[in-house]
Amino acid sequence: MCGIAGFFHTRDNYPGSPQKIARAMGEALDHRGPDGNGIWVDEGAQAAFSHRRLAIVDLSNAGHQPMTSKSGRMVICYNGEIYNSKEISAELTTLGVKFRGHSDTEVILEGCAHWGVRRTIKKLIGMFAIAIWDKSEKQLWLVRDRLGIKPLYWTIAPEGVFIFGSELKALRAHPKCPYKVDRNAICAFMRHNYIPGPFSIYTNINKLQPGSILHLSIQEPSPKIETYWSINNIVSANRNRYFYTDENQALSTLESILTDAVKRRMVADVPLGAFLSGGIDSSTVTAIMQANSTQPISTFSIGFEEDDFNEAIHARAVAKHLGTNHTELYVTPEQAQNVIPQLPDLYDEPFADSSQIPTYLVSAMTRKHVKVALSGDGGDELFAGYNRYFQARKMARFLNSLPSSVKSITGAAIRAFPQSFWDTAFKLVPDTKRPSQAGDKMHKLSRVLNAEGDEFYRRIISHWQSPSSIVIDGEEPKGIIWQSSLKNSIPDFTERMQYLDSLTYLPDDILTKVDRASMAVSLEARIPILDHRLVEFSWQLPDHMKIRNGEGKWLLRQLLYKYVPKNYTNRPKMGFGVPIGKWMKGPLKEWVEDHLSESMFKKHNILRPTPVLEKWQDHKSGRQNWQYLLWDVLMLHAWAERHHPNGVL
């Protein structure tokens with residue numbers, strides 16, 4: 001696990017010192033790899049790589065990067081882990097390739113030298129962002145893993161300079177990198193609480209999309225991007241047919257693939273453990289880890305005093321049942337709030353998923369004990385775990401039977417009562433059926449009562465419903481969530497939601513959050529549920545093996561119940577958040593009002609203040625909990641203050 005950066009000058013007479021620039025780009029990524037660093041510059045000073053190393057496998061100098069192939073033709077700069085490198089190494093050995101060490105870096109490099117980049121990449125099981133320089137062809141290749149677990153940004157700067165890096169801060173360390181703020185991207189941010197790829201906060205700086213290969217050369221300096229793997233192709237291949245109709249066969253296959261995925265991710269030359277929330281996904285990963293370990297594995301969780309946000313008690317029960325060596329930390333509001341000033345640096349661009357705070361805290365606590373942690377992310381998208389997946393059809397049947405006037409009246413009636421009222425009312429519901437943050441969910445329901453189909457999805461995932469109306473000089477780019485043609489290719493609404501989340505929310509929110517939070521403390525997070533073989537398997541399952549009896553992740557639950565009794569995890573989905581709305585009105589109030597002040601709006605001139613301040617007044621008074629929409633604005637202004645202290649241009 002590492003940080004990578006570099007550039008390729010497609011014209012002669014490169015200005016400045018390439019070594020000095022490459023070093024500065026690498027230093028910007030020091031947190032991603034504190035165990036070593038390296039710089040490589042080609043003889044003609046047309047290409048340069050910079051690498052920061054977090055040593056996990058092959059801790060010797062044989063794993064040092066940038067690395068040159070034995071033939072001397074190819075150079076690699078790589079971030080990630082390849083979990084089937086031993087098999088690929090054995091295959092190459094039979095073809096006469098001799099290895100200097102046992103790092104996966106060398107396996108990728110010699111594979112590319114022998115088979116070529118495209119053929120090699122398709123063999124890899126793992127997470128990766130890879131840069132390959134072909135000295136002979138003067139050609140640069142960039143590759144990002146299939147699901148987007150590892151980040152990779154790129155841009156073409158003036159004078160024909162192609163620049164890339166793991167994070168935006170590395171690109172900004174290059175003196176030629178353009179970074180004009182993209183107000184259209186801010187519109188997208190205000191809807192999603194993250195900036196969806198391929199956009200970034202800056203015009204002309206792009207995210208390389210998951211499953212993509214980019215290449216350019218002296219002869220063809222315009223980047224060409226191709227897709228080597230996509231969920232779209234997986235969905236198309238399984239359209240109108242499912243390979244698994246027998247539940248026992250499906251369960252056996254799931255256990256086989258996931259066990260293999262977990263075991264592969266348990267290979268490391270350093271201590272490792274697992275994040276454990278006590279939910280379905282992390283408990284399943286932990287259970288399989290423990291079943292395949294000869295000693296208690298290390299598990300980690302954090303807790304909060306507020307019941308609606310505290311999963312620690314559930315994690316503790318699962319850990320005790322499985323016999324893990326469990327560590328937990330109950331976080332004080334002060335500890336959590338102390339993270340907030342760091343967020344603009346951790347994420348480089350506006351990012352407002354408030355679970356970024358506990359994700360950072362659990363990563364920091366975990367890093368004190370181990371260097372690698374397995375995570376349960378991805379189960380919701382693959383096996384239909386989000387509430388909207390299994391509630392959408394039920395709600396549609398009910399709402400379609402109601403006149404529009406009734407739906408409007410019902411929505412208004414729900415909103416007439418503050419969220420605190422609904423929180424109190426739902427305390428009458430048994431614990432196993434009571435949703436967390438019930439008031440917030442009721443008000444969200446009131447906003448989607450009149451929506452149908454894909455409009456329902458857009459409303460339920462949206463923060464600001466009309467972002468172009470509040471972003472000054474901004475126009476929202478209409479991405480894949482607006483494509484009406486998806487109804488033809490994916491007729492089932494639940495599957496369409498899973499598909500859209502897998503292409504947007506998963507890489508640009510969930511995986512971005514985990515990568516930045518873990519790498520900020522030099523911790524490698526591995527995600528076995530997002531093994532691409534498991535993703536492909538999940539799209540071969542019929543709907544009733546994912547959603548049954550009003551619950552999602554049916555098949556994954558059956559696997560978990562082989563290791564952990566049902567009563568340990570049978571509860572409503574909580575999510576992984578912090579009581580940010582409560583803090584805004586309490587200990588964070590001064591900070592909030594500073595970032596919502598007239599001078600702040602005027603200085604950066606990004607947003608129209610009136611609709612924002614109206615929501616702040618509602619929030620302070622308790623009439624409505626606008627915590628998520630306000631957090632978007634606060635993170636945007638905090639980012640602007642950190643990276644553009646003289647005002648956003």
# chains A, B, ... in the order shown; residues from 1 in each chain; ligands from 1

call {"tool": "closest_atom_pairs", "arguments": {"of": "stretch 99-133 of chain A", "to": "stretch 149-172 of chain A", "cutoff": "9 Å", "atoms": "only C-alpha atoms", "output": "Markdown table"}}
result
| residue | atom | partner | partner_atom | distance |
| --- | --- | --- | --- | --- |
| A:Met127 | CA | A:Ile149 | CA | 5.9 |
| A:Phe128 | CA | A:Lys150 | CA | 5.6 |
| A:Ala129 | CA | A:Lys150 | CA | 5.8 |
| A:Ile130 | CA | A:Leu152 | CA | 8.6 |
| A:Ala131 | CA | A:Phe164 | CA | 9.0 |

call {"tool": "write_last_selection", "arguments": {"atoms": "all heavy atoms", "output": "CSV table (one decimal), in the first residue's frame"}}
result
chain,number,residue,atom,x,y,z
A,127,MET,N,-6.6,-4.8,-5.3
A,127,MET,CA,-6.9,-3.4,-5.4
A,127,MET,C,-5.6,-2.7,-5.9
A,127,MET,O,-4.5,-3.1,-5.4
A,127,MET,CB,-7.3,-2.9,-4.1
A,127,MET,CG,-6.3,-3.1,-2.9
A,127,MET,SD,-7.0,-2.5,-1.4
A,127,MET,CE,-5.6,-2.9,-0.3
A,128,PHE,N,-5.7,-1.8,-6.8
A,128,PHE,CA,-4.5,-1.2,-7.4
A,128,PHE,C,-4.7,0.1,-8.1
A,128,PHE,O,-5.8,0.3,-8.7
A,128,PHE,CB,-3.8,-2.2,-8.3
A,128,PHE,CG,-4.7,-2.9,-9.3
A,128,PHE,CD1,-5.0,-2.4,-10.5
A,128,PHE,CD2,-5.2,-4.2,-8.9
A,128,PHE,CE1,-5.9,-3.0,-11.4
A,128,PHE,CE2,-6.1,-4.8,-9.8
A,128,PHE,CZ,-6.4,-4.2,-11.1
A,129,ALA,N,-3.7,0.9,-8.1
A,129,ALA,CA,-3.5,2.0,-9.0
A,129,ALA,C,-2.1,1.9,-9.5
A,129,ALA,O,-1.2,2.0,-8.7
A,129,ALA,CB,-3.8,3.4,-8.3
A,130,ILE,N,-1.9,1.8,-10.8
A,130,ILE,CA,-0.7,1.4,-11.4
A,130,ILE,C,-0.2,2.4,-12.5
A,130,ILE,O,-1.1,2.8,-13.3
A,130,ILE,CB,-0.7,0.0,-12.0
A,130,ILE,CG1,-1.2,-1.1,-10.9
A,130,ILE,CG2,0.6,-0.4,-12.6
A,130,ILE,CD1,-1.5,-2.4,-11.5
A,131,ALA,N,1.0,2.7,-12.4
A,131,ALA,CA,1.6,3.5,-13.5
A,131,ALA,C,2.8,2.7,-14.1
A,131,ALA,O,3.6,2.2,-13.4
A,131,ALA,CB,2.2,4.8,-13.0

call {"tool": "residues_around", "arguments": {"residues": "A:Ala384", "least_positions_apart": "6", "cutoff": "7 Å", "atoms": "only C-alpha atoms", "output": "list in words"}}
result
Gln498, Lys546, Ile547, Gly552 and Lys553 of chain A

call {"tool": "write_last_selection", "arguments": {"atoms": "N, CA, C and O atoms", "output": "PDB file, in the first residue's frame"}}
result
ATOM      1  N   GLN A 498     -29.038  -0.809  -7.083  1.00  0.00           N
ATOM      2  CA  GLN A 498     -27.763  -1.436  -6.757  1.00  0.00           C
ATOM      3  C   GLN A 498     -26.702  -1.075  -7.789  1.00  0.00           C
ATOM      4  O   GLN A 498     -25.551  -0.778  -7.440  1.00  0.00           O
ATOM      5  N   LYS A 546     -31.448 -12.174  -2.312  1.00  0.00           N
ATOM      6  CA  LYS A 546     -30.900 -10.962  -1.695  1.00  0.00           C
ATOM      7  C   LYS A 546     -31.917 -10.349  -0.736  1.00  0.00           C
ATOM      8  O   LYS A 546     -31.579  -9.958   0.378  1.00  0.00           O
ATOM      9  N   ILE A 547     -33.165 -10.239  -1.173  1.00  0.00           N
ATOM     10  CA  ILE A 547     -34.207  -9.608  -0.356  1.00  0.00           C
ATOM     11  C   ILE A 547     -35.298 -10.622  -0.056  1.00  0.00           C
ATOM     12  O   ILE A 547     -35.854 -11.246  -0.969  1.00  0.00           O
ATOM     13  N   GLY A 552     -32.784  -7.213   3.592  1.00  0.00           N
ATOM     14  CA  GLY A 552     -31.791  -7.396   2.548  1.00  0.00           C
ATOM     15  C   GLY A 552     -30.699  -8.357   2.975  1.00  0.00           C
ATOM     16  O   GLY A 552     -30.676  -8.845   4.102  1.00  0.00           O
ATOM     17  N   LYS A 553     -29.797  -8.662   2.046  1.00  0.00           N
ATOM     18  CA  LYS A 553     -28.622  -9.510   2.276  1.00  0.00           C
ATOM     19  C   LYS A 553     -28.999 -10.900   2.783  1.00  0.00           C
ATOM     20  O   LYS A 553     -28.306 -11.484   3.627  1.00  0.00           O
TER      21      LYS A 553
END

call {"tool": "select_by_dssp", "arguments": {"residues": "stretch 175-243 of chain A", "states": "strand (DSSP E or B)", "output": "ChimeraX atom specification"}}
result
/A:181,202,205-207,212-217,224-227

call {"tool": "write_last_selection", "arguments": {"atoms": "N, CA and C atoms", "output": "tab-separated table (two decimals), in the first residue's frame"}}
result
chain	number	residue	atom	x	y	z
A	181	VAL	N	-11.24	26.10	-9.68
A	181	VAL	CA	-12.38	25.43	-9.08
A	181	VAL	C	-13.51	25.26	-10.10
A	202	TYR	N	-11.57	20.43	-9.34
A	202	TYR	CA	-10.90	21.32	-10.28
A	202	TYR	C	-11.21	20.95	-11.72
A	205	ILE	N	-8.91	18.44	-14.01
A	205	ILE	CA	-8.32	17.33	-13.25
A	205	ILE	C	-9.40	16.26	-13.10
A	206	ASN	N	-9.05	15.05	-13.50
A	206	ASN	CA	-10.04	13.97	-13.57
A	206	ASN	C	-9.67	12.82	-12.65
A	207	LYS	N	-10.69	12.07	-12.24
A	207	LYS	CA	-10.47	10.78	-11.61
A	207	LYS	C	-10.49	9.72	-12.71
A	212	SER	N	-10.55	0.98	-15.50
A	212	SER	CA	-10.10	1.67	-16.71
A	212	SER	C	-8.59	1.63	-16.87
A	213	ILE	N	-8.17	1.70	-18.15
A	213	ILE	CA	-6.77	1.83	-18.52
A	213	ILE	C	-6.62	3.11	-19.34
A	214	LEU	N	-5.68	3.95	-18.97
A	214	LEU	CA	-5.36	5.16	-19.73
A	214	LEU	C	-3.95	5.00	-20.29
A	215	HIS	N	-3.78	5.38	-21.55
A	215	HIS	CA	-2.42	5.34	-22.10
A	215	HIS	C	-2.22	6.48	-23.08
A	216	LEU	N	-0.97	6.94	-23.17
A	216	LEU	CA	-0.57	7.98	-24.10
A	216	LEU	C	0.91	7.81	-24.37
A	217	SER	N	1.40	8.46	-25.41
A	217	SER	CA	2.80	8.30	-25.79
A	217	SER	C	3.28	9.57	-26.48
A	224	LYS	N	-5.87	8.18	-24.15
A	224	LYS	CA	-6.94	7.29	-24.60
A	224	LYS	C	-7.32	6.39	-23.42
A	225	ILE	N	-8.62	6.32	-23.14
A	225	ILE	CA	-9.10	5.55	-22.01
A	225	ILE	C	-9.97	4.41	-22.51
A	226	GLU	N	-9.70	3.23	-22.01
A	226	GLU	CA	-10.50	2.06	-22.36
A	226	GLU	C	-10.92	1.35	-21.09
A	227	THR	N	-11.99	0.58	-21.18
A	227	THR	CA	-12.51	-0.17	-20.03
A	227	THR	C	-12.12	-1.63	-20.17

call {"tool": "residues_around", "arguments": {"residues": "A:Pro350", "least_positions_apart": "6", "cutoff": "10 Å", "atoms": "only C-alpha atoms", "output": "number ranges by chain"}}
result
A: 185-186, 189-190, 193-195, 200-201, 343-344, 632-640

call {"tool": "closest_atom_pairs", "arguments": {"of": "stretch 219-286 of chain A", "to": "stretch 90-111 of chain A", "cutoff": "12 Å", "atoms": "only C-alpha atoms", "output": "tab-separated table"}}
result
residue	atom	partner	partner_atom	distance
A:Val267	CA	A:Asp104	CA	11.8
A:Ala268	CA	A:Ser103	CA	10.9
A:Asp269	CA	A:Ser103	CA	10.8

call {"tool": "select_by_dssp", "arguments": {"residues": "stretch 11-42 of chain A", "states": "helix (DSSP H, G or I)", "output": "PDB file with N, CA, C and O atoms, in the first residue's frame"}}
result
ATOM      1  N   PRO A  18      13.222  17.817 -13.022  1.00  0.00           N
ATOM      2  CA  PRO A  18      12.225  16.754 -12.834  1.00  0.00           C
ATOM      3  C   PRO A  18      12.413  16.016 -11.516  1.00  0.00           C
ATOM      4  O   PRO A  18      11.434  15.589 -10.894  1.00  0.00           O
ATOM      5  N   GLN A  19      13.673  15.850 -11.067  1.00  0.00           N
ATOM      6  CA  GLN A  19      13.911  15.184  -9.791  1.00  0.00           C
ATOM      7  C   GLN A  19      13.302  15.972  -8.632  1.00  0.00           C
ATOM      8  O   GLN A  19      12.651  15.405  -7.749  1.00  0.00           O
ATOM      9  N   LYS A  20      13.492  17.279  -8.651  1.00  0.00           N
ATOM     10  CA  LYS A  20      12.977  18.124  -7.576  1.00  0.00           C
ATOM     11  C   LYS A  20      11.453  18.109  -7.549  1.00  0.00           C
ATOM     12  O   LYS A  20      10.833  18.030  -6.482  1.00  0.00           O
ATOM     13  N   ILE A  21      10.840  18.181  -8.734  1.00  0.00           N
ATOM     14  CA  ILE A  21       9.382  18.181  -8.799  1.00  0.00           C
ATOM     15  C   ILE A  21       8.824  16.838  -8.348  1.00  0.00           C
ATOM     16  O   ILE A  21       7.857  16.767  -7.573  1.00  0.00           O
ATOM     17  N   ALA A  22       9.438  15.748  -8.834  1.00  0.00           N
ATOM     18  CA  ALA A  22       8.969  14.417  -8.450  1.00  0.00           C
ATOM     19  C   ALA A  22       9.094  14.216  -6.940  1.00  0.00           C
ATOM     20  O   ALA A  22       8.211  13.629  -6.304  1.00  0.00           O
ATOM     21  N   ARG A  23      10.164  14.717  -6.369  1.00  0.00           N
ATOM     22  CA  ARG A  23      10.355  14.588  -4.925  1.00  0.00           C
ATOM     23  C   ARG A  23       9.262  15.346  -4.166  1.00  0.00           C
ATOM     24  O   ARG A  23       8.716  14.841  -3.175  1.00  0.00           O
ATOM     25  N   ALA A  24       8.931  16.540  -4.624  1.00  0.00           N
ATOM     26  CA  ALA A  24       7.887  17.336  -3.962  1.00  0.00           C
ATOM     27  C   ALA A  24       6.530  16.644  -4.061  1.00  0.00           C
ATOM     28  O   ALA A  24       5.746  16.650  -3.099  1.00  0.00           O
ATOM     29  N   MET A  25       6.245  16.030  -5.206  1.00  0.00           N
ATOM     30  CA  MET A  25       4.978  15.320  -5.367  1.00  0.00           C
ATOM     31  C   MET A  25       4.911  14.128  -4.419  1.00  0.00           C
ATOM     32  O   MET A  25       3.867  13.855  -3.810  1.00  0.00           O
ATOM     33  N   GLY A  26       6.024  13.421  -4.268  1.00  0.00           N
ATOM     34  CA  GLY A  26       6.049  12.290  -3.362  1.00  0.00           C
ATOM     35  C   GLY A  26       5.921  12.701  -1.907  1.00  0.00           C
ATOM     36  O   GLY A  26       5.233  12.043  -1.119  1.00  0.00           O
ATOM     37  N   GLU A  27       6.563  13.793  -1.540  1.00  0.00           N
ATOM     38  CA  GLU A  27       6.487  14.271  -0.163  1.00  0.00           C
ATOM     39  C   GLU A  27       5.063  14.639   0.231  1.00  0.00           C
ATOM     40  O   GLU A  27       4.682  14.531   1.402  1.00  0.00           O
ATOM     41  N   ASP A  30       3.440  11.568   1.795  1.00  0.00           N
ATOM     42  CA  ASP A  30       4.250  10.881   2.802  1.00  0.00           C
ATOM     43  C   ASP A  30       3.406  10.012   3.730  1.00  0.00           C
ATOM     44  O   ASP A  30       3.821   8.924   4.144  1.00  0.00           O
ATOM     45  N   HIS A  31       2.193  10.453   4.082  1.00  0.00           N
ATOM     46  CA  HIS A  31       1.330   9.704   4.985  1.00  0.00           C
ATOM     47  C   HIS A  31       0.924   8.353   4.410  1.00  0.00           C
ATOM     48  O   HIS A  31       0.647   7.418   5.150  1.00  0.00           O
ATOM     49  N   ARG A  32       0.881   8.243   3.080  1.00  0.00           N
ATOM     50  CA  ARG A  32       0.470   6.997   2.443  1.00  0.00           C
ATOM     51  C   ARG A  32       1.586   5.948   2.456  1.00  0.00           C
ATOM     52  O   ARG A  32       1.315   4.759   2.254  1.00  0.00           O
TER      53      ARG A  32
END

call {"tool": "atom_distance", "arguments": {"atom1": "atom CA of A:Val514", "atom2": "atom CA of A:Gly323"}}
result
26.0 Å

call {"tool": "residues_around", "arguments": {"residues": "A:Gly581", "least_positions_apart": "3", "cutoff": "7 Å", "atoms": "only C-alpha atoms", "output": "list in words"}}
result
Met584, Lys585, Asn625 and Gln627 of chain A

call {"tool": "atom_distance", "arguments": {"atom1": "atom CA of A:Phe300", "atom2": "atom CA of A:Val535"}}
result
25.8 Å

call {"tool": "residues_around", "arguments": {"residues": "A:Gly273", "least_positions_apart": "5", "cutoff": "7 Å", "atoms": "only C-alpha atoms", "output": "PyMOL selection string"}}
result
chain A and resi 297-299+370+372-374

call {"tool": "write_last_selection", "arguments": {"atoms": "all heavy atoms", "output": "PDB file, in the first residue's frame"}}
result
ATOM      1  N   ILE A 297      -7.772 -13.573  16.251  1.00  0.00           N
ATOM      2  CA  ILE A 297      -7.444 -12.412  15.433  1.00  0.00           C
ATOM      3  C   ILE A 297      -7.750 -11.140  16.221  1.00  0.00           C
ATOM      4  O   ILE A 297      -8.469 -11.171  17.228  1.00  0.00           O
ATOM      5  CB  ILE A 297      -8.226 -12.409  14.102  1.00  0.00           C
ATOM      6  CG1 ILE A 297      -9.727 -12.227  14.368  1.00  0.00           C
ATOM      7  CG2 ILE A 297      -7.951 -13.658  13.292  1.00  0.00           C
ATOM      8  CD1 ILE A 297     -10.539 -11.929  13.109  1.00  0.00           C
ATOM      9  N   SER A 298      -7.211 -10.033  15.774  1.00  0.00           N
ATOM     10  CA  SER A 298      -7.444  -8.744  16.438  1.00  0.00           C
ATOM     11  C   SER A 298      -8.599  -8.025  15.760  1.00  0.00           C
ATOM     12  O   SER A 298      -8.619  -7.903  14.530  1.00  0.00           O
ATOM     13  CB  SER A 298      -6.183  -7.880  16.369  1.00  0.00           C
ATOM     14  OG  SER A 298      -5.114  -8.488  17.048  1.00  0.00           O
ATOM     15  N   THR A 299      -9.560  -7.563  16.546  1.00  0.00           N
ATOM     16  CA  THR A 299     -10.689  -6.805  16.005  1.00  0.00           C
ATOM     17  C   THR A 299     -10.798  -5.469  16.719  1.00  0.00           C
ATOM     18  O   THR A 299     -10.388  -5.333  17.879  1.00  0.00           O
ATOM     19  CB  THR A 299     -12.011  -7.579  16.152  1.00  0.00           C
ATOM     20  OG1 THR A 299     -12.185  -7.990  17.525  1.00  0.00           O
ATOM     21  CG2 THR A 299     -12.015  -8.811  15.257  1.00  0.00           C
ATOM     22  N   VAL A 370      -2.044  -2.705  14.641  1.00  0.00           N
ATOM     23  CA  VAL A 370      -1.744  -3.478  13.433  1.00  0.00           C
ATOM     24  C   VAL A 370      -1.462  -2.531  12.274  1.00  0.00           C
ATOM     25  O   VAL A 370      -1.683  -1.319  12.363  1.00  0.00           O
ATOM     26  CB  VAL A 370      -2.912  -4.426  13.060  1.00  0.00           C
ATOM     27  CG1 VAL A 370      -3.186  -5.421  14.165  1.00  0.00           C
ATOM     28  CG2 VAL A 370      -4.178  -3.628  12.719  1.00  0.00           C
ATOM     29  N   VAL A 372      -2.461  -3.626   8.958  1.00  0.00           N
ATOM     30  CA  VAL A 372      -3.451  -3.993   7.939  1.00  0.00           C
ATOM     31  C   VAL A 372      -4.753  -4.321   8.647  1.00  0.00           C
ATOM     32  O   VAL A 372      -4.754  -4.998   9.681  1.00  0.00           O
ATOM     33  CB  VAL A 372      -2.995  -5.224   7.117  1.00  0.00           C
ATOM     34  CG1 VAL A 372      -4.088  -5.645   6.126  1.00  0.00           C
ATOM     35  CG2 VAL A 372      -1.696  -4.934   6.384  1.00  0.00           C
ATOM     36  N   ALA A 373      -5.886  -3.858   8.089  1.00  0.00           N
ATOM     37  CA  ALA A 373      -7.194  -4.188   8.657  1.00  0.00           C
ATOM     38  C   ALA A 373      -8.152  -4.558   7.539  1.00  0.00           C
ATOM     39  O   ALA A 373      -8.251  -3.850   6.535  1.00  0.00           O
ATOM     40  CB  ALA A 373      -7.753  -3.014   9.458  1.00  0.00           C
ATOM     41  N   LEU A 374      -8.862  -5.670   7.717  1.00  0.00           N
ATOM     42  CA  LEU A 374      -9.893  -6.055   6.759  1.00  0.00           C
ATOM     43  C   LEU A 374     -11.191  -5.351   7.121  1.00  0.00           C
ATOM     44  O   LEU A 374     -11.539  -5.206   8.295  1.00  0.00           O
ATOM     45  CB  LEU A 374     -10.097  -7.568   6.746  1.00  0.00           C
ATOM     46  CG  LEU A 374      -9.195  -8.353   5.786  1.00  0.00           C
ATOM     47  CD1 LEU A 374      -7.728  -8.235   6.195  1.00  0.00           C
ATOM     48  CD2 LEU A 374      -9.610  -9.818   5.721  1.00  0.00           C
TER      49      LEU A 374
END

call {"tool": "residues_around", "arguments": {"residues": "A:Lys589", "least_positions_apart": "5", "cutoff": "12 Å", "atoms": "only C-alpha atoms", "output": "list of chain:residue names"}}
result
A:Gln337, A:Ile580, A:Gly581, A:Lys582, A:Trp583, A:Met584, A:Asp594, A:His595, A:Leu596, A:Ser597, A:Trp616, A:His619, A:Lys620, A:Leu634

call {"tool": "decode", "arguments": {"residues": "stretch 183-195 of chain A", "atoms": "N, CA and C atoms", "output": "compact mmCIF listing (two decimals), in the first residue's frame"}}
result
# COMPACT_ATOMS: atom_id res chain seq x y z
N ARG A 183 -17.22 24.92 -10.63
CA ARG A 183 -18.49 25.18 -9.94
C ARG A 183 -19.57 24.16 -10.32
N ASN A 184 -19.45 23.58 -11.49
CA ASN A 184 -20.38 22.52 -11.86
C ASN A 184 -20.17 21.29 -10.97
N ALA A 185 -18.91 21.00 -10.67
CA ALA A 185 -18.62 19.89 -9.78
C ALA A 185 -19.16 20.16 -8.37
N ILE A 186 -19.15 21.43 -7.97
CA ILE A 186 -19.72 21.78 -6.67
C ILE A 186 -21.22 21.49 -6.65
N CYS A 187 -21.89 21.73 -7.76
CA CYS A 187 -23.32 21.38 -7.84
C CYS A 187 -23.52 19.89 -7.57
N ALA A 188 -22.69 19.07 -8.21
CA ALA A 188 -22.79 17.63 -8.00
C ALA A 188 -22.50 17.28 -6.54
N PHE A 189 -21.54 17.96 -5.96
CA PHE A 189 -21.22 17.74 -4.55
C PHE A 189 -22.41 18.07 -3.65
N MET A 190 -23.10 19.14 -3.92
CA MET A 190 -24.22 19.54 -3.08
C MET A 190 -25.38 18.54 -3.15
N ARG A 191 -25.46 17.83 -4.25
CA ARG A 191 -26.49 16.78 -4.33
C ARG A 191 -26.04 15.52 -3.58
N HIS A 192 -24.80 15.11 -3.79
CA HIS A 192 -24.36 13.78 -3.36
C HIS A 192 -23.58 13.76 -2.04
N ASN A 193 -23.03 14.86 -1.62
CA ASN A 193 -22.07 15.03 -0.51
C ASN A 193 -20.68 14.51 -0.87
N TYR A 194 -20.46 14.22 -2.13
CA TYR A 194 -19.15 13.88 -2.67
C TYR A 194 -19.16 14.31 -4.14
N ILE A 195 -17.98 14.40 -4.73
CA ILE A 195 -17.90 14.77 -6.15
C ILE A 195 -17.77 13.49 -6.97
